$ cat start34.pdb   # PDB, C-alpha atoms and all ligand atoms
MODEL        1
ATOM      1  CA  MET K   1     -35.503   1.524  -2.971
ATOM      2  CA  HIS K   2     -38.531   3.461  -1.703
ATOM      3  CA  THR K   3     -40.337   6.519  -2.927
ATOM      4  CA  ASP K   4     -41.516   9.680  -1.196
ATOM      5  CA  PRO K   5     -45.168  10.772  -1.066
ATOM      6  CA  PHE K   6     -44.788  12.281  -4.543
ATOM      7  CA  GLY K   7     -43.577   9.016  -5.999
ATOM      8  CA  HIS K   8     -39.968  10.134  -6.396
ATOM      9  CA  SER K   9     -37.216   7.711  -5.612
ATOM     10  CA  LEU K  10     -35.450   8.213  -2.285
ATOM     11  CA  GLY K  11     -32.115   7.598  -3.979
ATOM     12  CA  THR K  12     -30.600  11.079  -4.113
ATOM     13  CA  LEU K  13     -32.153  11.828  -0.747
ATOM     14  CA  LEU K  14     -30.249   8.931   0.813
ATOM     15  CA  THR K  15     -27.122  10.183  -0.947
ATOM     16  CA  GLY K  16     -27.570  13.609   0.628
ATOM     17  CA  TYR K  17     -28.287  11.900   3.935
ATOM     18  CA  VAL K  18     -25.082   9.860   4.142
ATOM     19  CA  ASP K  19     -23.130  12.962   3.110
ATOM     20  CA  GLY K  20     -24.723  14.996   5.900
ATOM     21  CA  GLU K  21     -25.964  17.547   3.386
ATOM     22  CA  LEU K  22     -29.689  17.543   4.067
ATOM     23  CA  PRO K  23     -31.505  20.298   5.932
ATOM     24  CA  ALA K  24     -32.049  19.256   9.568
ATOM     25  CA  ALA K  25     -35.778  18.547   9.317
ATOM     26  CA  LEU K  26     -35.347  16.445   6.211
ATOM     27  CA  SER K  27     -32.479  14.515   7.755
ATOM     28  CA  ARG K  28     -34.614  13.738  10.812
ATOM     29  CA  ALA K  29     -37.385  12.540   8.530
ATOM     30  CA  VAL K  30     -34.971  10.227   6.717
ATOM     31  CA  SER K  31     -33.624   8.926  10.063
ATOM     32  CA  GLY K  32     -37.187   8.151  11.091
ATOM     33  CA  HIS K  33     -37.838   6.306   7.874
ATOM     34  CA  LEU K  34     -34.627   4.296   8.229
ATOM     35  CA  ARG K  35     -35.708   3.004  11.621
ATOM     36  CA  GLU K  36     -38.745   1.439   9.977
ATOM     37  CA  CYS K  37     -37.491   0.488   6.575
ATOM     38  CA  ASP K  38     -34.983  -2.317   6.162
ATOM     39  CA  SER K  39     -34.473  -1.806   2.461
ATOM     40  CA  CYS K  40     -33.518   1.877   2.768
ATOM     41  CA  GLY K  41     -31.461   1.003   5.870
ATOM     42  CA  ALA K  42     -29.546  -1.571   3.851
ATOM     43  CA  GLU K  43     -28.984   0.954   1.096
ATOM     44  CA  VAL K  44     -27.604   3.500   3.547
ATOM     45  CA  ALA K  45     -25.353   0.899   5.151
ATOM     46  CA  SER K  46     -24.079  -0.145   1.746
ATOM     47  CA  LEU K  47     -23.463   3.505   0.778
ATOM     48  CA  ILE K  48     -21.422   4.054   3.912
ATOM     49  CA  ARG K  49     -19.429   0.869   3.252
ATOM     50  CA  LEU K  50     -18.705   2.105  -0.255
ATOM     51  CA  LYS K  51     -17.692   5.571   0.915
ATOM     52  CA  SER K  52     -15.265   4.265   3.487
ATOM     53  CA  ALA K  53     -13.760   1.863   0.954
ATOM     54  CA  LEU K  54     -13.364   4.620  -1.646
ATOM     55  CA  ARG K  55     -11.437   6.756   0.813
ATOM     56  CA  ALA K  56      -8.707   4.126   0.718
ATOM     57  CA  VAL K  57      -8.388   4.247  -3.077
ATOM     58  CA  ARG K  58      -6.755   7.669  -3.018
ATOM     59  CA  SER K  59      -3.683   7.855  -5.185
ATOM     60  CA  PRO K  60      -0.401   8.711  -3.473
ATOM     61  CA  PRO K  61       0.824  12.333  -3.361
ATOM     62  CA  PRO K  62       3.431  13.322  -5.941
ATOM     63  CA  SER K  63       6.737  11.512  -5.562
ATOM     64  CA  ALA K  64       9.682  13.110  -3.756
ATOM     65  CA  THR K  65      11.314  13.626  -7.148
ATOM     66  CA  ALA K  66       8.265  15.385  -8.530
ATOM     67  CA  GLN K  67       8.048  17.566  -5.419
ATOM     68  CA  ALA K  68      11.733  18.466  -5.652
ATOM     69  CA  ARG K  69      11.287  19.369  -9.314
ATOM     70  CA  LEU K  70       8.342  21.537  -8.397
ATOM     71  CA  VAL K  71      10.233  23.356  -5.643
ATOM     72  CA  GLU K  72      13.092  23.935  -8.074
ATOM     73  CA  ARG K  73      10.737  25.445 -10.617
ATOM     74  CA  LEU K  74       9.081  27.577  -7.985
ATOM     75  CA  ARG K  75      12.384  29.014  -6.866
ATOM     76  CA  ALA K  76      13.368  29.668 -10.461
ATOM     77  CA  ALA K  77      10.033  31.345 -11.140
ATOM     78  CA  ARG K  78      10.416  33.537  -8.084
ATOM     79  CA  LEU K  79      13.939  34.566  -9.034
ATOM     80  CA  GLY K  80      12.821  35.343 -12.553
ATOM     81  CA  ARG K  81      10.240  37.854 -11.418
TER      82      ARG K  81
ATOM     83  CA  MET L   1      15.290  40.727  -7.470
ATOM     84  CA  ASN L   2      14.935  44.471  -7.698
ATOM     85  CA  ARG L   3      13.552  46.832  -5.093
ATOM     86  CA  LEU L   4      10.224  47.219  -6.846
ATOM     87  CA  ALA L   5       9.673  43.482  -6.787
ATOM     88  CA  ILE L   6      10.465  43.294  -3.085
ATOM     89  CA  GLN L   7       8.110  46.161  -2.385
ATOM     90  CA  SER L   8       5.209  44.610  -4.224
ATOM     91  CA  ALA L   9       5.894  41.232  -2.658
ATOM     92  CA  THR L  10       5.754  42.819   0.786
ATOM     93  CA  SER L  11       2.680  44.891   0.159
ATOM     94  CA  SER L  12       0.757  41.853  -0.999
ATOM     95  CA  VAL L  13       1.197  40.313   2.460
ATOM     96  CA  SER L  14       0.138  43.406   4.324
ATOM     97  CA  PRO L  15      -3.171  42.995   6.170
ATOM     98  CA  THR L  16      -4.652  46.089   4.540
ATOM     99  CA  MET L  17      -4.516  44.229   1.246
ATOM    100  CA  ALA L  18      -6.438  41.231   2.572
ATOM    101  CA  PRO L  19      -9.933  41.801   1.163
ATOM    102  CA  VAL L  20     -12.937  39.532   1.660
ATOM    103  CA  PRO L  21     -12.281  36.847   4.275
ATOM    104  CA  SER L  22     -12.092  33.509   2.513
ATOM    105  CA  PRO L  23     -14.631  30.819   3.384
ATOM    106  CA  SER L  24     -12.739  28.252   5.438
ATOM    107  CA  GLY L  25     -10.266  30.188   7.515
ATOM    108  CA  GLU L  26      -7.633  30.109   4.805
ATOM    109  CA  ALA L  27      -6.168  33.462   5.745
ATOM    110  CA  GLY L  28      -3.184  31.952   7.567
ATOM    111  CA  LEU L  29      -2.390  29.609   4.723
ATOM    112  CA  LEU L  30      -2.689  32.441   2.223
ATOM    113  CA  THR L  31      -0.315  34.629   4.187
ATOM    114  CA  ALA L  32       2.193  31.788   4.373
ATOM    115  CA  LEU L  33       1.908  31.099   0.656
ATOM    116  CA  ARG L  34       2.277  34.759  -0.217
ATOM    117  CA  ALA L  35       5.350  34.969   1.963
ATOM    118  CA  GLY L  36       6.867  32.135  -0.067
ATOM    119  CA  ASP L  37       6.633  29.471   2.658
ATOM    120  CA  GLU L  38       7.688  26.322   0.790
ATOM    121  CA  GLN L  39       6.449  23.939   3.500
ATOM    122  CA  ALA L  40       2.995  25.480   3.398
ATOM    123  CA  PHE L  41       3.063  25.225  -0.364
ATOM    124  CA  LEU L  42       4.152  21.582  -0.426
ATOM    125  CA  GLY L  43       1.505  20.800   2.161
ATOM    126  CA  LEU L  44      -1.114  22.199  -0.183
ATOM    127  CA  VAL L  45       0.371  20.317  -3.124
ATOM    128  CA  GLY L  46       0.236  17.063  -1.168
ATOM    129  CA  LYS L  47      -3.389  17.672  -0.284
ATOM    130  CA  LEU L  48      -4.705  18.729  -3.678
ATOM    131  CA  HIS L  49      -2.398  17.277  -6.301
ATOM    132  CA  SER L  50      -4.102  13.944  -6.993
ATOM    133  CA  GLY L  51      -7.548  15.563  -7.243
ATOM    134  CA  LEU L  52      -6.199  18.204  -9.598
ATOM    135  CA  ILE L  53      -4.715  15.483 -11.785
ATOM    136  CA  ARG L  54      -8.230  14.020 -12.056
ATOM    137  CA  VAL L  55      -9.591  17.411 -13.088
ATOM    138  CA  ALA L  56      -6.885  17.809 -15.732
ATOM    139  CA  MET L  57      -7.574  14.303 -17.029
ATOM    140  CA  LEU L  58     -11.052  15.477 -18.026
ATOM    141  CA  TYR L  59      -9.440  17.465 -20.823
ATOM    142  CA  VAL L  60      -6.142  15.828 -21.705
ATOM    143  CA  ARG L  61      -5.601  12.228 -22.616
ATOM    144  CA  THR L  62      -2.565  10.995 -20.764
ATOM    145  CA  HIS L  63      -1.534  11.034 -17.154
ATOM    146  CA  ASP L  64       1.852  12.483 -18.124
ATOM    147  CA  VAL L  65       0.275  15.491 -19.814
ATOM    148  CA  ALA L  66      -2.078  15.963 -16.851
ATOM    149  CA  GLU L  67       0.946  15.884 -14.564
ATOM    150  CA  GLU L  68       2.618  18.622 -16.663
ATOM    151  CA  VAL L  69      -0.561  20.691 -16.707
ATOM    152  CA  VAL L  70      -0.853  20.529 -12.930
ATOM    153  CA  GLN L  71       2.810  21.437 -12.473
ATOM    154  CA  GLU L  72       2.353  24.473 -14.728
ATOM    155  CA  SER L  73      -0.756  25.327 -12.765
ATOM    156  CA  TRP L  74       1.107  25.317  -9.461
ATOM    157  CA  ILE L  75       3.500  27.876 -10.897
ATOM    158  CA  ALA L  76       0.554  29.934 -12.136
ATOM    159  CA  VAL L  77      -1.004  29.681  -8.685
ATOM    160  CA  LEU L  78       2.075  31.143  -7.032
ATOM    161  CA  GLU L  79       2.334  33.866  -9.629
ATOM    162  CA  GLY L  80      -1.333  34.723  -9.241
ATOM    163  CA  LEU L  81      -1.533  34.603  -5.444
ATOM    164  CA  HIS L  82      -1.355  38.370  -5.094
ATOM    165  CA  ARG L  83      -4.409  38.645  -7.357
ATOM    166  CA  PHE L  84      -6.443  36.065  -5.450
ATOM    167  CA  GLU L  85      -9.197  37.915  -3.608
ATOM    168  CA  GLY L  86     -10.770  35.127  -1.620
ATOM    169  CA  ARG L  87     -14.156  35.377  -3.325
ATOM    170  CA  SER L  88     -14.033  31.618  -3.746
ATOM    171  CA  SER L  89     -12.119  29.057  -1.751
ATOM    172  CA  LEU L  90      -8.468  28.583  -2.587
ATOM    173  CA  LYS L  91      -9.243  25.074  -3.804
ATOM    174  CA  THR L  92     -11.926  26.316  -6.181
ATOM    175  CA  TRP L  93      -9.621  28.986  -7.537
ATOM    176  CA  ILE L  94      -6.793  26.498  -8.051
ATOM    177  CA  SER L  95      -9.038  23.949  -9.737
ATOM    178  CA  HIS L  96     -10.210  26.644 -12.154
ATOM    179  CA  ILE L  97      -6.610  27.393 -13.027
ATOM    180  CA  VAL L  98      -5.994  23.696 -13.646
ATOM    181  CA  ALA L  99      -9.118  23.337 -15.778
ATOM    182  CA  ASN L 100      -8.170  26.409 -17.826
ATOM    183  CA  GLN L 101      -4.605  25.261 -18.347
ATOM    184  CA  ALA L 102      -5.808  21.782 -19.296
ATOM    185  CA  ARG L 103      -8.284  23.220 -21.796
ATOM    186  CA  THR L 104      -5.615  25.446 -23.328
ATOM    187  CA  ARG L 105      -3.347  22.452 -23.595
ATOM    188  CA  ALA L 106      -6.104  20.344 -25.142
ATOM    189  CA  VAL L 107      -6.802  22.989 -27.769
ATOM    190  CA  ARG L 108      -3.106  23.326 -28.552
ATOM    191  CA  GLU L 109      -2.693  19.609 -29.050
ATOM    192  CA  ALA L 110      -5.089  18.447 -31.710
ATOM    193  CA  ARG L 111      -5.009  14.846 -30.536
ATOM    194  CA  CYS L 112      -6.620  15.724 -27.228
ATOM    195  CA  LEU L 113     -10.266  15.480 -26.314
ATOM    196  CA  PRO L 114     -12.472  18.305 -27.521
ATOM    197  CA  PHE L 115     -13.421  20.629 -24.695
ATOM    198  CA  SER L 116     -17.139  20.112 -25.100
ATOM    199  CA  SER L 117     -16.928  16.395 -24.418
ATOM    200  CA  PHE L 118     -17.220  16.753 -20.655
ATOM    201  CA  ASP L 119     -20.387  18.855 -20.894
ATOM    202  CA  GLU L 120     -21.747  16.350 -23.358
ATOM    203  CA  SER L 121     -21.039  13.518 -20.919
ATOM    204  CA  VAL L 122     -22.850  15.382 -18.185
ATOM    205  CA  ALA L 123     -25.883  15.960 -20.384
ATOM    206  CA  ARG L 124     -25.918  12.385 -21.609
ATOM    207  CA  GLU L 125     -25.570  10.884 -18.139
ATOM    208  CA  LEU L 126     -28.244  13.118 -16.660
ATOM    209  CA  ALA L 127     -30.652  12.301 -19.460
ATOM    210  CA  ASP L 128     -29.967   8.597 -19.048
ATOM    211  CA  THR L 129     -33.059   7.906 -16.950
ATOM    212  CA  ALA L 130     -35.932   9.985 -15.610
ATOM    213  CA  PRO L 131     -34.377  12.863 -13.671
ATOM    214  CA  SER L 132     -34.546  12.636  -9.900
ATOM    215  CA  VAL L 133     -36.139  15.521  -8.128
ATOM    216  CA  ALA L 134     -34.107  17.948  -6.069
ATOM    217  CA  PRO L 135     -34.342  17.035  -2.376
ATOM    218  CA  GLU L 136     -34.767  20.743  -1.598
ATOM    219  CA  ARG L 137     -38.232  20.532  -3.113
ATOM    220  CA  PHE L 138     -39.331  18.033  -0.491
ATOM    221  CA  THR L 139     -38.595  20.478   2.295
ATOM    222  CA  ARG L 140     -40.481  23.318   0.731
ATOM    223  CA  SER L 141     -43.582  21.361  -0.132
ATOM    224  CA  GLY L 142     -43.129  18.901   2.714
ATOM    225  CA  ASP L 143     -42.781  20.184   6.251
ATOM    226  CA  GLY L 144     -43.385  23.800   5.318
ATOM    227  CA  GLU L 145     -40.446  25.041   7.359
ATOM    228  CA  GLY L 146     -38.922  26.463   4.210
ATOM    229  CA  HIS L 147     -35.245  26.049   4.929
ATOM    230  CA  GLY L 148     -33.198  28.444   2.893
ATOM    231  CA  ARG L 149     -30.072  27.280   1.184
ATOM    232  CA  ALA L 150     -27.893  29.100   3.704
ATOM    233  CA  GLY L 151     -27.069  26.570   6.361
ATOM    234  CA  HIS L 152     -29.379  24.578   8.657
ATOM    235  CA  TRP L 153     -27.560  21.438   7.706
ATOM    236  CA  ALA L 154     -28.498  18.416   9.695
ATOM    237  CA  ASP L 155     -26.173  16.710  12.094
ATOM    238  CA  PRO L 156     -24.622  14.294   9.659
ATOM    239  CA  PRO L 157     -25.254  10.607  10.250
ATOM    240  CA  ARG L 158     -21.571   9.899  10.742
ATOM    241  CA  ASP L 159     -22.127   7.434  13.542
ATOM    242  CA  TRP L 160     -24.519   5.258  11.642
ATOM    243  CA  ARG L 161     -23.698   1.864  13.123
ATOM    244  CA  ARG L 162     -24.814  -0.691  10.624
ATOM    245  CA  GLY L 163     -22.388   0.263   7.920
ATOM    246  CA  SER L 164     -19.285   1.144   9.874
ATOM    247  CA  ALA L 165     -16.291  -0.881  10.984
ATOM    248  CA  GLU L 166     -15.971  -3.051   7.922
ATOM    249  CA  GLY L 167     -12.234  -3.392   8.292
ATOM    250  CA  ALA L 168     -12.095  -6.519   6.177
ATOM    251  CA  LEU L 169     -13.335  -4.428   3.273
ATOM    252  CA  LEU L 170     -10.057  -2.673   2.799
ATOM    253  CA  ASP L 171      -7.988  -5.627   1.657
ATOM    254  CA  ALA L 172      -5.758  -5.198  -1.366
ATOM    255  CA  GLU L 173      -7.954  -7.203  -3.693
ATOM    256  CA  THR L 174     -10.972  -5.043  -2.914
ATOM    257  CA  LEU L 175      -9.014  -1.835  -3.402
ATOM    258  CA  ARG L 176      -7.783  -3.079  -6.733
ATOM    259  CA  PHE L 177     -11.321  -4.033  -7.631
ATOM    260  CA  LEU L 178     -12.639  -0.588  -6.754
ATOM    261  CA  GLU L 179     -10.006   1.156  -8.854
ATOM    262  CA  VAL L 180     -11.013  -0.892 -11.857
ATOM    263  CA  ALA L 181     -14.717  -0.424 -11.105
ATOM    264  CA  LEU L 182     -14.285   3.360 -10.893
ATOM    265  CA  ASP L 183     -12.719   3.291 -14.325
ATOM    266  CA  THR L 184     -15.817   1.674 -15.785
ATOM    267  CA  LEU L 185     -18.125   4.518 -14.722
ATOM    268  CA  PRO L 186     -19.362   7.020 -17.315
ATOM    269  CA  PRO L 187     -16.986  10.033 -17.293
ATOM    270  CA  ALA L 188     -19.119  12.570 -15.421
ATOM    271  CA  GLN L 189     -20.103  10.078 -12.716
ATOM    272  CA  LYS L 190     -16.521   8.960 -12.477
ATOM    273  CA  ILE L 191     -15.080  12.411 -11.867
ATOM    274  CA  VAL L 192     -17.804  13.375  -9.379
ATOM    275  CA  VAL L 193     -17.462  10.161  -7.346
ATOM    276  CA  THR L 194     -13.677  10.390  -7.502
ATOM    277  CA  LEU L 195     -13.480  13.975  -6.299
ATOM    278  CA  ARG L 196     -16.130  13.506  -3.616
ATOM    279  CA  ASP L 197     -15.384  10.052  -2.233
ATOM    280  CA  VAL L 198     -11.797   9.326  -3.174
ATOM    281  CA  GLU L 199     -10.327  12.817  -2.853
ATOM    282  CA  GLY L 200     -12.744  13.972  -0.148
ATOM    283  CA  TRP L 201     -13.794  17.265  -1.767
ATOM    284  CA  GLU L 202     -16.920  19.044  -0.536
ATOM    285  CA  SER L 203     -19.902  19.113  -2.867
ATOM    286  CA  GLU L 204     -19.575  22.876  -3.304
ATOM    287  CA  GLU L 205     -15.950  22.481  -4.359
ATOM    288  CA  VAL L 206     -16.869  19.831  -6.908
ATOM    289  CA  CYS L 207     -19.742  21.935  -8.270
ATOM    290  CA  ASN L 208     -17.432  24.917  -8.672
ATOM    291  CA  ALA L 209     -14.572  22.994 -10.207
ATOM    292  CA  LEU L 210     -16.777  21.223 -12.740
ATOM    293  CA  GLY L 211     -19.409  23.897 -13.309
ATOM    294  CA  LEU L 212     -22.249  21.682 -12.096
ATOM    295  CA  SER L 213     -25.391  22.679 -10.239
ATOM    296  CA  GLU L 214     -25.702  21.153  -6.798
ATOM    297  CA  THR L 215     -28.671  19.073  -7.897
ATOM    298  CA  ASN L 216     -26.914  17.683 -10.961
ATOM    299  CA  GLN L 217     -23.827  16.957  -8.928
ATOM    300  CA  ARG L 218     -25.876  14.966  -6.465
ATOM    301  CA  VAL L 219     -27.655  13.032  -9.192
ATOM    302  CA  LEU L 220     -24.343  12.111 -10.835
ATOM    303  CA  LEU L 221     -22.900  11.162  -7.452
ATOM    304  CA  HIS L 222     -25.923   9.063  -6.639
ATOM    305  CA  ARG L 223     -25.853   7.215  -9.964
ATOM    306  CA  GLY L 224     -22.121   6.621  -9.852
ATOM    307  CA  ARG L 225     -22.301   5.308  -6.301
ATOM    308  CA  ALA L 226     -25.264   3.092  -7.146
ATOM    309  CA  ARG L 227     -23.279   1.405  -9.913
ATOM    310  CA  LEU L 228     -20.222   1.015  -7.726
ATOM    311  CA  ARG L 229     -22.296  -0.286  -4.858
ATOM    312  CA  ALA L 230     -23.809  -2.964  -7.042
ATOM    313  CA  MET L 231     -20.381  -3.959  -8.315
ATOM    314  CA  LEU L 232     -18.844  -3.908  -4.848
ATOM    315  CA  GLU L 233     -21.583  -5.931  -3.177
ATOM    316  CA  ARG L 234     -21.407  -8.463  -5.981
ATOM    317  CA  HIS L 235     -17.650  -8.634  -5.604
ATOM    318  CA  LEU L 236     -17.828  -9.019  -1.837
ATOM    319  CA  GLY L 237     -20.399 -11.779  -2.204
ATOM    320  CA  HIS L 238     -18.156 -13.528  -4.657
ATOM    321  CA  HIS L 239     -15.178 -12.853  -2.460
ATOM    322  CA  ARG L 240     -16.759 -14.435   0.599
ATOM    323  CA  SER L 241     -17.625 -17.547  -1.345
ATOM    324  CA  CYS L 242     -14.291 -17.748  -3.127
ATOM    325  CA  THR L 243     -12.025 -17.123  -0.138
ATOM    326  CA  PRO L 244     -11.797 -20.753   1.040
ATOM    327  CA  THR L 245     -10.857 -21.837  -2.461
ATOM    328  CA  ARG L 246      -8.147 -19.219  -2.639
ATOM    329  CA  SER L 247      -6.607 -20.139   0.701
ATOM    330  CA  ALA L 248      -6.763 -23.777  -0.309
ATOM    331  CA  THR L 249      -4.907 -22.902  -3.499
ATOM    332  CA  ARG L 250      -2.357 -20.936  -1.555
ATOM    333  CA  SER L 251      -1.679 -23.721   0.969
ATOM    334  CA  ALA L 252      -1.507 -26.244  -1.833
ATOM    335  CA  ARG L 253       1.205 -24.153  -3.450
ATOM    336  CA  SER L 254       3.312 -23.569  -0.367
TER     337      SER L 254
HETATM  338 ZN    ZN S 301     -37.505   2.859   2.582
HETATM  339 ZN    ZN S 302     -12.512 -12.770  -4.641
ENDMDL
END
$ encode --input "start34.pdb" --output "structure tokens" --more "lines below"
Ligand SMILES: [Zn+2]
Ligand SMILES: [Zn+2]
Amino acid sequence: MHTDPFGHSLGTLLTGYVDGELPAALSRAVSGHLRECDSCGAEVASLIRLKSALRAVRSPPPSATAQARLVERLRAARLGR
Amino acid sequence: MNRLAIQSATSSVSPTMAPVPSPSGEAGLLTALRAGDEQAFLGLVGKLHSGLIRVAMLYVRTHDVAEEVVQESWIAVLEGLHRFEGRSSLKTWISHIVANQARTRAVREARCLPFSSFDESVARELADTAPSVAPERFTRSGDGEGHGRAGHWADPPRDWRRGSAEGALLDAETLRFLEVALDTLPPAQKIVVTLRDVEGWESEEVCNALGLSETNQRVLLHRGRARLRAMLERHLGHHRSCTPTRSATRSARS
């Protein structure tokens, strides 16, 4: 992992970069660095791999039974008003 | 239902009552919810439920209790819809309701986690190593363009080629591995990574739901991902080398 001119680690910067949360100029600067730096490039690639894998971990929505129970309670709550 | 109730239900849908426009074009959804549209409501439940369970689990111990807390919260959401003014996003508002209900529940049941423990985790995990500097500082001292915090976001590097299209990554063993790996993260990193990367919440939504500054959120996210990345790459390395053995075992059995 590399450091910026102030000696700070690029870590959180790369995190902001893969999330598309950096200001435009900063993002361009990171892009430029990635073209020249294999180690940061590998870190970004690995971050993106991780992010796409984590998207698949998502737990299923509530079961049909749980949803039915919820709707039932909602109707009851509305009637009770 | 008496006449008064009908009247107030109707007036809450009237456009004159709609105050500040909510951030992400939620007006249509809000109108539907206020009108008692069950499909719209269940759609929202399907989208947010699992993330809200994670938020509740910060305060209560068991999944069953978290499930109850979130169910109660959905009722509270419907009952409070007419009071919702759109100053925050709907998701932020709902996650606050869940957090409050979970805290109340935790206080009521002595065997639950003390409320302060999440804040303590955050502090501990942030203090763990030398704090990283806020990226915003680079811009100000760096290129001198002085981007404010309102917008100017870069075109996100979504089409970054080197890391994409790793279809083989999503096999069942790897998913299982990631679930277990997530569980090993320190609590604050775990909830931030889970809400951001598993549930797909925006950073602002996570900051609001958990009461974190944007910088601290990013540091926790970065540290959690770094741990997971190390575990995942190690696992994938192992997996590549162990695959032949496993298929050999399988064919030997069949
Ligand atoms: Zn580098
Ligand atoms: Zn393996």
$ residues_around --input "start34.pdb" --residues "Ser63 in chain K" --least-positions-apart "2" --cutoff "12 Å" --atoms "only C-alpha atoms" --output "PyMOL selection string"
(chain K and resi 59-61+65-70) or (chain L and resi 42+45-46+49-50+67)
$ atom_distance --input "start34.pdb" --atom1 "CA of Thr15 in chain K" --atom2 "CA of Gly51 in chain L"
21.3 Å
$ resolve_selection --input "start34.pdb" --expression "the PyMOL selection byres ((chain K) within 7 of (chain L))" --output "PyMOL selection string"
chain K and resi 8+11-13+15+18-24+26-27+45-51+53-55+57-59+61-62+70+74+79
$ resolve_selection --input "start34.pdb" --expression "the PyMOL selection byres (((chain K and resi 34) around 12) and not hetatm)" --output "PyMOL selection string"
(chain K and resi 1-2+10+13-14+17-18+27-33+35-45) or (chain L and resi 157+160+162)
$ atom_distance --input "start34.pdb" --atom1 "CA of Ala32 in chain L" --atom2 "CA of Ala99 in chain L"
24.6 Å
$ closest_residue --input "start34.pdb" --among "L:Glu173, L:Thr92, L:Leu33, L:Asn208" --to "ligand ZN 302 (chain S)" --atoms "all atoms listed in the file"
L:Glu173
